[in-house]
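One file, query_21.cif, carrying mmCIF, C-alpha atoms:
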data_protein
#
loop_
_atom_site.group_PDB
_atom_site.id
_atom_site.type_symbol
_atom_site.label_atom_id
_atom_site.label_comp_id
_atom_site.auth_asym_id
_atom_site.auth_seq_id
_atom_site.Cartn_x
_atom_site.Cartn_y
_atom_site.Cartn_z
ATOM 1 C CA MET A 2 45.174 -14.348 -12.152
ATOM 2 C CA LEU A 3 42.427 -15.420 -9.706
ATOM 3 C CA LYS A 4 43.359 -12.576 -7.368
ATOM 4 C CA TYR A 5 43.193 -10.117 -10.267
ATOM 5 C CA GLN A 6 39.772 -11.465 -11.328
ATOM 6 C CA LYS A 7 38.413 -11.039 -7.794
ATOM 7 C CA SER A 8 39.693 -7.488 -7.733
ATOM 8 C CA VAL A 9 37.980 -6.716 -11.032
ATOM 9 C CA ASN A 10 34.737 -8.304 -9.845
ATOM 10 C CA LYS A 11 34.864 -6.289 -6.628
ATOM 11 C CA TYR A 12 35.403 -3.098 -8.630
ATOM 12 C CA PHE A 13 32.417 -3.742 -10.893
ATOM 13 C CA LEU A 14 30.234 -4.731 -7.923
ATOM 14 C CA SER A 15 31.075 -1.475 -6.167
ATOM 15 C CA PHE A 16 30.375 0.497 -9.334
ATOM 16 C CA PHE A 17 27.043 -1.288 -9.799
ATOM 17 C CA LEU A 18 25.932 -0.613 -6.205
ATOM 18 C CA LEU A 19 26.897 3.048 -6.555
ATOM 19 C CA PHE A 20 24.862 3.253 -9.774
ATOM 20 C CA ILE A 21 21.825 1.676 -8.078
ATOM 21 C CA LEU A 22 22.037 4.049 -5.105
ATOM 22 C CA ASN A 23 22.298 7.070 -7.375
ATOM 23 C CA SER A 24 19.326 5.823 -9.371
ATOM 24 C CA CYS A 25 17.297 5.483 -6.185
ATOM 25 C CA VAL A 26 18.165 9.003 -5.125
ATOM 26 C CA GLY A 27 17.171 10.297 -8.531
ATOM 27 C CA SER A 28 13.842 8.506 -8.541
ATOM 28 C CA SER A 29 13.010 9.809 -5.066
ATOM 29 C CA SER A 30 13.081 13.334 -6.380
ATOM 30 C CA VAL A 31 9.985 12.770 -8.508
ATOM 31 C CA GLY A 32 6.839 14.025 -6.839
ATOM 32 C CA LEU A 33 3.134 14.543 -7.382
ATOM 33 C CA PHE A 34 3.524 17.169 -10.111
ATOM 34 C CA GLY A 35 6.986 16.521 -11.549
ATOM 35 C CA SER A 36 10.660 16.175 -10.791
ATOM 36 C CA GLY A 37 12.547 17.892 -8.006
ATOM 37 C CA VAL A 38 10.039 16.852 -5.351
ATOM 38 C CA SER A 39 10.289 14.143 -2.720
ATOM 39 C CA VAL A 40 7.800 11.294 -3.112
ATOM 40 C CA ALA A 41 7.272 11.549 0.640
ATOM 41 C CA TYR A 42 5.046 14.537 -0.154
ATOM 42 C CA ASP A 43 2.679 12.435 -2.275
ATOM 43 C CA PRO A 44 -0.152 11.260 0.018
ATOM 44 C CA ARG A 45 -1.437 8.698 -2.489
ATOM 45 C CA THR A 46 -0.670 5.017 -1.997
ATOM 46 C CA VAL A 47 1.818 3.422 -4.399
ATOM 47 C CA GLY A 48 -1.016 1.463 -6.000
ATOM 48 C CA MET A 49 -3.033 4.633 -6.472
ATOM 49 C CA GLN A 50 -0.052 6.400 -8.055
ATOM 50 C CA ILE A 51 0.389 3.511 -10.500
ATOM 51 C CA ASP A 52 -3.309 3.494 -11.438
ATOM 52 C CA ASP A 53 -3.278 7.276 -11.970
ATOM 53 C CA SER A 54 -0.124 7.054 -14.066
ATOM 54 C CA ILE A 55 -1.646 4.384 -16.309
ATOM 55 C CA MET A 56 -4.803 6.464 -16.763
ATOM 56 C CA GLN A 57 -2.809 9.584 -17.593
ATOM 57 C CA LYS A 58 -0.656 7.800 -20.180
ATOM 58 C CA ASN A 59 -3.773 6.248 -21.690
ATOM 59 C CA LEU A 60 -5.487 9.633 -22.003
ATOM 60 C CA THR A 61 -2.354 11.362 -23.318
ATOM 61 C CA ALA A 62 -1.912 8.706 -25.993
ATOM 62 C CA ARG A 63 -5.522 9.013 -27.160
ATOM 63 C CA LEU A 64 -5.301 12.823 -27.227
ATOM 64 C CA ALA A 65 -2.156 12.570 -29.360
ATOM 65 C CA LEU A 66 -3.886 10.167 -31.762
ATOM 66 C CA SER A 67 -6.771 12.599 -32.049
ATOM 67 C CA GLU A 68 -4.659 15.743 -32.558
ATOM 68 C CA LYS A 69 -0.906 15.977 -31.967
ATOM 69 C CA LYS A 70 -1.222 19.663 -31.025
ATOM 70 C CA TYR A 71 -3.095 18.645 -27.860
ATOM 71 C CA LEU A 72 0.216 17.416 -26.427
ATOM 72 C CA ILE A 73 1.368 21.050 -26.412
ATOM 73 C CA TYR A 74 -1.780 23.023 -25.680
ATOM 74 C CA VAL A 75 -3.702 20.723 -23.316
ATOM 75 C CA ASN A 76 -2.554 19.763 -19.817
ATOM 76 C CA THR A 77 -3.888 16.709 -18.032
ATOM 77 C CA LYS A 78 -3.511 15.498 -14.459
ATOM 78 C CA VAL A 79 -5.031 12.411 -12.839
ATOM 79 C CA LEU A 80 -5.463 12.226 -9.063
ATOM 80 C CA ASP A 81 -7.225 9.244 -7.522
ATOM 81 C CA GLY A 82 -9.084 8.629 -10.768
ATOM 82 C CA ASN A 83 -10.194 12.267 -11.046
ATOM 83 C CA ILE A 84 -9.083 13.871 -14.315
ATOM 84 C CA PHE A 85 -8.241 17.581 -14.434
ATOM 85 C CA LEU A 86 -7.933 19.329 -17.792
ATOM 86 C CA SER A 87 -6.534 22.766 -18.583
ATOM 87 C CA GLY A 88 -5.119 24.634 -21.559
ATOM 88 C CA LYS A 89 -6.409 26.296 -24.714
ATOM 89 C CA VAL A 90 -7.968 25.041 -27.939
ATOM 90 C CA ASP A 91 -9.102 26.733 -31.164
ATOM 91 C CA GLU A 92 -12.753 25.711 -31.273
ATOM 92 C CA PRO A 93 -15.545 24.919 -28.727
ATOM 93 C CA GLU A 94 -16.040 21.547 -30.441
ATOM 94 C CA GLU A 95 -12.449 20.601 -29.581
ATOM 95 C CA LYS A 96 -13.078 21.314 -25.915
ATOM 96 C CA LEU A 97 -16.104 19.008 -25.924
ATOM 97 C CA LYS A 98 -14.134 16.303 -27.774
ATOM 98 C CA ILE A 99 -11.325 16.392 -25.185
ATOM 99 C CA ILE A 100 -13.766 16.202 -22.274
ATOM 100 C CA LYS A 101 -15.445 13.241 -23.983
ATOM 101 C CA LEU A 102 -12.084 11.475 -24.397
ATOM 102 C CA ALA A 103 -11.359 12.063 -20.710
ATOM 103 C CA TRP A 104 -14.674 10.538 -19.644
ATOM 104 C CA GLU A 105 -13.974 7.515 -21.841
ATOM 105 C CA THR A 106 -10.730 6.783 -19.951
ATOM 106 C CA LYS A 107 -10.973 3.458 -18.120
ATOM 107 C CA GLY A 108 -11.270 3.939 -14.357
ATOM 108 C CA VAL A 109 -12.237 7.621 -14.466
ATOM 109 C CA ARG A 110 -14.217 8.894 -11.466
ATOM 110 C CA SER A 111 -14.746 12.510 -12.528
ATOM 111 C CA VAL A 112 -13.593 15.058 -15.116
ATOM 112 C CA LYS A 113 -13.077 18.753 -14.395
ATOM 113 C CA SER A 114 -12.165 21.108 -17.200
ATOM 114 C CA ALA A 115 -10.455 24.506 -17.232
ATOM 115 C CA ILE A 116 -9.941 24.449 -20.989
ATOM 116 C CA THR A 117 -10.653 27.735 -22.757
ATOM 117 C CA ILE A 118 -11.028 28.818 -26.369
ATOM 118 C CA LYS A 119 -8.023 30.781 -27.696
ATOM 119 C CA GLY A 120 -10.132 33.650 -29.007
ATOM 120 C CA GLU A 121 -11.438 34.330 -25.490
ATOM 121 C CA THR A 122 -8.115 35.751 -24.322
ATOM 122 C CA ASN A 123 -5.290 37.940 -25.661
ATOM 123 C CA PHE A 124 -1.527 38.292 -25.210
ATOM 124 C CA LYS A 125 -1.845 40.940 -22.489
ATOM 125 C CA ASN A 126 -4.199 38.793 -20.436
ATOM 126 C CA SER A 127 -2.004 35.732 -20.981
ATOM 127 C CA ALA A 128 0.999 37.634 -19.563
ATOM 128 C CA LYS A 129 -1.039 38.696 -16.517
ATOM 129 C CA ASP A 130 -2.258 35.136 -16.015
ATOM 130 C CA ALA A 131 1.314 33.790 -16.138
ATOM 131 C CA LEU A 132 2.397 36.350 -13.540
ATOM 132 C CA ILE A 133 -0.500 35.443 -11.240
ATOM 133 C CA THR A 134 0.354 31.742 -11.466
ATOM 134 C CA THR A 135 4.035 32.417 -10.736
ATOM 135 C CA GLN A 136 3.227 34.603 -7.731
ATOM 136 C CA LEU A 137 0.869 31.994 -6.297
ATOM 137 C CA LYS A 138 3.412 29.193 -6.783
ATOM 138 C CA THR A 139 5.962 31.259 -4.888
ATOM 139 C CA ALA A 140 3.506 32.014 -2.077
ATOM 140 C CA LEU A 141 2.668 28.318 -1.656
ATOM 141 C CA ILE A 142 6.341 27.344 -1.573
ATOM 142 C CA PHE A 143 7.103 29.816 1.206
ATOM 143 C CA ASN A 144 4.077 28.888 3.307
ATOM 144 C CA LYS A 145 5.344 26.276 5.776
ATOM 145 C CA ASP A 146 1.813 24.950 6.357
ATOM 146 C CA ILE A 147 1.381 24.001 2.691
ATOM 147 C CA LYS A 148 2.934 21.157 0.700
ATOM 148 C CA ALA A 149 3.267 23.256 -2.451
ATOM 149 C CA THR A 150 4.421 20.291 -4.528
ATOM 150 C CA ASN A 151 0.994 18.672 -4.202
ATOM 151 C CA TYR A 152 -0.717 21.369 -6.274
ATOM 152 C CA ASN A 153 -1.017 22.211 -9.937
ATOM 153 C CA LEU A 154 -2.002 25.782 -10.832
ATOM 154 C CA ASP A 155 -3.427 27.408 -13.934
ATOM 155 C CA THR A 156 -4.768 30.934 -14.455
ATOM 156 C CA ILE A 157 -7.023 31.865 -17.358
ATOM 157 C CA ASN A 158 -8.445 35.387 -17.759
ATOM 158 C CA GLY A 159 -7.833 36.128 -14.089
ATOM 159 C CA LYS A 160 -9.514 32.939 -12.888
ATOM 160 C CA THR A 161 -7.102 30.734 -10.952
ATOM 161 C CA TYR A 162 -7.678 26.990 -11.029
ATOM 162 C CA ILE A 163 -6.080 24.872 -8.299
ATOM 163 C CA PHE A 164 -5.801 21.100 -8.695
ATOM 164 C CA GLY A 165 -4.255 18.918 -6.013
ATOM 165 C CA ILE A 166 -4.399 17.062 -2.720
ATOM 166 C CA SER A 167 -4.467 18.629 0.765
ATOM 167 C CA ILE A 168 -3.360 16.766 3.864
ATOM 168 C CA THR A 169 -5.927 18.589 6.026
ATOM 169 C CA GLN A 170 -8.922 20.907 5.694
ATOM 170 C CA LYS A 171 -6.776 23.628 7.264
ATOM 171 C CA GLU A 172 -4.171 23.290 4.498
ATOM 172 C CA LYS A 173 -6.888 23.423 1.831
ATOM 173 C CA LYS A 174 -8.221 26.648 3.336
ATOM 174 C CA LYS A 175 -4.752 28.212 3.430
ATOM 175 C CA VAL A 176 -4.120 27.371 -0.230
ATOM 176 C CA ILE A 177 -7.341 29.091 -1.261
ATOM 177 C CA GLU A 178 -6.554 32.095 0.944
ATOM 178 C CA GLU A 179 -3.107 32.454 -0.634
ATOM 179 C CA ALA A 180 -4.701 32.448 -4.089
ATOM 180 C CA GLN A 181 -7.248 35.089 -3.087
ATOM 181 C CA LYS A 182 -4.460 37.388 -1.886
ATOM 182 C CA VAL A 183 -2.638 37.464 -5.234
ATOM 183 C CA TYR A 184 -3.154 40.758 -7.042
ATOM 184 C CA GLY A 185 -5.182 40.420 -10.231
ATOM 185 C CA VAL A 186 -7.060 37.261 -9.268
ATOM 186 C CA LYS A 187 -10.740 37.630 -10.142
ATOM 187 C CA GLU A 188 -11.884 34.220 -8.977
ATOM 188 C CA VAL A 189 -10.385 31.141 -7.335
ATOM 189 C CA ILE A 190 -11.720 27.794 -8.557
ATOM 190 C CA PRO A 191 -10.322 24.988 -6.383
ATOM 191 C CA SER A 192 -10.507 21.295 -7.209
ATOM 192 C CA ILE A 193 -8.696 20.094 -4.111
ATOM 193 C CA ILE A 194 -9.073 16.572 -2.779
ATOM 194 C CA LEU A 195 -8.522 15.857 0.926
ATOM 195 C CA VAL A 196 -6.394 12.839 1.821
ATOM 196 C CA ASP A 197 -9.304 11.434 3.847
ATOM 197 C CA ASP A 198 -11.471 11.579 0.717
ATOM 198 C CA LEU A 199 -9.097 9.502 -1.428
ATOM 199 C CA SER A 200 -10.982 6.423 -2.591
ATOM 200 C CA ARG A 201 -8.675 3.872 -0.930
ATOM 201 C CA ASN A 202 -8.774 5.705 2.393
ATOM 202 C CA LYS A 203 -12.516 5.204 2.697
ATOM 203 C CA ASN A 204 -13.938 2.246 4.556
#

Encoded form (structure tokens):
Amino acid sequence: MLKYQKSVNKYFLSFFLLFILNSCVGSSSVGLFGSGVSVAYDPRTVGMQIDDSIMQKNLTARLALSEKKYLIYVNTKVLDGNIFLSGKVDEPEEKLKIIKLAWETKGVRSVKSAITIKGETNFKNSAKDALITTQLKTALIFNKDIKATNYNLDTINGKTYIFGISITQKEKKKVIEEAQKVYGVKEVIPSIILVDDLSRNKN
């Protein structure tokens, strides 16, 4: 009986370790802008990632309390305490309200908005914008000098907004150049932070 019990315990221990290892592998595939990306690509410290995550959840919760539709139509991203907003709303007053909520988030360092009013664009332009964003994402992925997973892209009426973190000034320049080469882009508006400019990397 004792021998059988040891065998059972060994089996469950092996199963548990396998579960833990698989969980670790799964969690390592979450990156700066979503799943499927290695955390090794995220240049932020662990503490900085935690702070940003808390800020983002705080802002998302308050947006949802204000208007549930904002969860669908408004995108938020927090990097080193800098809040980036994009998406579309119905009225100009809503845009101002969302920016105000972002500035009221504890720990915020800056707020940059790419939110537009729905009436300012149409279906045809939206389709073109989606194509531009897709083409730029592809270009960044295939450029070996760029960590594509560190960038979030949004195109509105031909204006391409780039949010993210660059390892070097050279990488930042290449990202902007790739955006400028995409057909249909009228203007590139980068909000790219350099690793050296991250708050906890400064003396």

Quote the spacing between atom CA of Lys89 of chain A and atom CA of Ile163 of chain A in Å to one decimal place. 16.5 Å

Neighbour list for segment 174-190 of chain A as a list in words, cut-off 9 Å, all atoms listed in the file, skip fewer than 5 positions in-chain: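 Residues meeting the cut-off are Lys129, Asp130, Ile133, Thr134, Gln136, Leu137, Ala140, Leu141, Asn144, Asp146, Ile147, Ala149, Thr156, Asn158, Gly159, Lys160, Thr161, Tyr162, Ile163, Phe164, Ser167 and Thr169 of chain A.
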
Could those residues be written to a file, using C-alpha atoms, as a short mmCIF file (atom, residue, chain, number, x, y, z; two decimals), in the frame of the given file?
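To be explicit, this is the file written out as part_1.cif:
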data_model
loop_
_atom_site.label_atom_id
_atom_site.label_comp_id
_atom_site.auth_asym_id
_atom_site.auth_seq_id
_atom_site.Cartn_x
_atom_site.Cartn_y
_atom_site.Cartn_z
CA LYS A 129 -1.04 38.70 -16.52
CA ASP A 130 -2.26 35.14 -16.02
CA ILE A 133 -0.50 35.44 -11.24
CA THR A 134 0.35 31.74 -11.47
CA GLN A 136 3.23 34.60 -7.73
CA LEU A 137 0.87 31.99 -6.30
CA ALA A 140 3.51 32.01 -2.08
CA LEU A 141 2.67 28.32 -1.66
CA ASN A 144 4.08 28.89 3.31
CA ASP A 146 1.81 24.95 6.36
CA ILE A 147 1.38 24.00 2.69
CA ALA A 149 3.27 23.26 -2.45
CA THR A 156 -4.77 30.93 -14.46
CA ASN A 158 -8.44 35.39 -17.76
CA GLY A 159 -7.83 36.13 -14.09
CA LYS A 160 -9.51 32.94 -12.89
CA THR A 161 -7.10 30.73 -10.95
CA TYR A 162 -7.68 26.99 -11.03
CA ILE A 163 -6.08 24.87 -8.30
CA PHE A 164 -5.80 21.10 -8.70
CA SER A 167 -4.47 18.63 0.76
CA THR A 169 -5.93 18.59 6.03
#

For Ile193 of chain A, which residue out of A:Gly165, A:Gly120, A:Gly108, A:Gly88 is the nearest one, using only C-alpha atoms?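 Closest to Ile193 of chain A of all the choices is A:Gly165.
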
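Interatomic distance, atom CA of Lys58 of chain A against atom CA of Ile157 of chain A: 25.1 Å.
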
Return the single residue from A:Ala65, A:Leu132, A:Ala115, A:Ile73 that is closest to Ile100 of chain A, with distances computed using all atoms listed in the file. A:Ala115

At what distance in Å, to one decimal, does atom CA of Lys107 of chain A lie from atom CA of Leu154 of chain A?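 Spanning atom CA of Leu154 of chain A to atom CA of Lys107 of chain A is a straight-line distance of 25.1 Å.
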
So, with only C-alpha atoms as the atoms that count, which of A:Val112, A:Leu64, A:Val79, A:Ile194 lies closest to Lys98 of chain A?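 The answer is A:Leu64, which sits nearest to Lys98 of chain A.
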
I need the output of the PyMOL selection byres ((chain A and resi 59) around 12) for this file as a VMD selection string; which residues are they? chain A and resid 52 to 58 60 to 66 77 to 79 84 102 to 109

Add whatever atoms are absent from segment 70-85 of chain A to reach N, CA and C atoms, and provide the output as a PDB file, in the coordinates of the input.
ATOM      1  N   LYS A  70      -1.377  18.351 -31.660  1.00  0.00           N
ATOM      2  CA  LYS A  70      -1.222  19.663 -31.025  1.00  0.00           C
ATOM      3  C   LYS A  70      -1.709  19.666 -29.581  1.00  0.00           C
ATOM      4  N   TYR A  71      -2.589  18.701 -29.232  1.00  0.00           N
ATOM      5  CA  TYR A  71      -3.095  18.645 -27.860  1.00  0.00           C
ATOM      6  C   TYR A  71      -1.988  18.347 -26.854  1.00  0.00           C
ATOM      7  N   LEU A  72      -0.912  17.707 -27.312  1.00  0.00           N
ATOM      8  CA  LEU A  72       0.216  17.416 -26.427  1.00  0.00           C
ATOM      9  C   LEU A  72       0.873  18.709 -25.945  1.00  0.00           C
ATOM     10  N   ILE A  73       0.750  19.770 -26.743  1.00  0.00           N
ATOM     11  CA  ILE A  73       1.368  21.050 -26.412  1.00  0.00           C
ATOM     12  C   ILE A  73       0.403  21.978 -25.690  1.00  0.00           C
ATOM     13  N   TYR A  74      -0.840  22.015 -26.168  1.00  0.00           N
ATOM     14  CA  TYR A  74      -1.780  23.023 -25.680  1.00  0.00           C
ATOM     15  C   TYR A  74      -2.742  22.547 -24.594  1.00  0.00           C
ATOM     16  N   VAL A  75      -2.780  21.246 -24.334  1.00  0.00           N
ATOM     17  CA  VAL A  75      -3.702  20.723 -23.316  1.00  0.00           C
ATOM     18  C   VAL A  75      -2.921  20.016 -22.218  1.00  0.00           C
ATOM     19  N   ASN A  76      -3.206  20.389 -20.978  1.00  0.00           N
ATOM     20  CA  ASN A  76      -2.554  19.763 -19.817  1.00  0.00           C
ATOM     21  C   ASN A  76      -3.536  18.819 -19.131  1.00  0.00           C
ATOM     22  N   THR A  77      -3.042  17.667 -18.741  1.00  0.00           N
ATOM     23  CA  THR A  77      -3.888  16.709 -18.032  1.00  0.00           C
ATOM     24  C   THR A  77      -3.217  16.286 -16.731  1.00  0.00           C
ATOM     25  N   LYS A  78      -4.015  16.015 -15.731  1.00  0.00           N
ATOM     26  CA  LYS A  78      -3.511  15.498 -14.459  1.00  0.00           C
ATOM     27  C   LYS A  78      -4.566  14.565 -13.884  1.00  0.00           C
ATOM     28  N   VAL A  79      -4.124  13.392 -13.430  1.00  0.00           N
ATOM     29  CA  VAL A  79      -5.031  12.411 -12.839  1.00  0.00           C
ATOM     30  C   VAL A  79      -4.675  12.216 -11.373  1.00  0.00           C
ATOM     31  N   LEU A  80      -5.648  12.414 -10.502  1.00  0.00           N
ATOM     32  CA  LEU A  80      -5.463  12.226  -9.063  1.00  0.00           C
ATOM     33  C   LEU A  80      -6.591  11.355  -8.527  1.00  0.00           C
ATOM     34  N   ASP A  81      -6.244  10.171  -8.085  1.00  0.00           N
ATOM     35  CA  ASP A  81      -7.225   9.244  -7.522  1.00  0.00           C
ATOM     36  C   ASP A  81      -8.376   8.997  -8.497  1.00  0.00           C
ATOM     37  N   GLY A  82      -8.060   8.902  -9.767  1.00  0.00           N
ATOM     38  CA  GLY A  82      -9.084   8.629 -10.768  1.00  0.00           C
ATOM     39  C   GLY A  82      -9.846   9.855 -11.231  1.00  0.00           C
ATOM     40  N   ASN A  83      -9.561  11.010 -10.643  1.00  0.00           N
ATOM     41  CA  ASN A  83     -10.194  12.267 -11.046  1.00  0.00           C
ATOM     42  C   ASN A  83      -9.301  12.947 -12.077  1.00  0.00           C
ATOM     43  N   ILE A  84      -9.859  13.266 -13.235  1.00  0.00           N
ATOM     44  CA  ILE A  84      -9.083  13.871 -14.315  1.00  0.00           C
ATOM     45  C   ILE A  84      -9.304  15.383 -14.349  1.00  0.00           C
ATOM     46  N   PHE A  85      -8.193  16.122 -14.363  1.00  0.00           N
ATOM     47  CA  PHE A  85      -8.241  17.581 -14.434  1.00  0.00           C
ATOM     48  C   PHE A  85      -7.639  18.020 -15.766  1.00  0.00           C
TER      49      PHE A  85
END
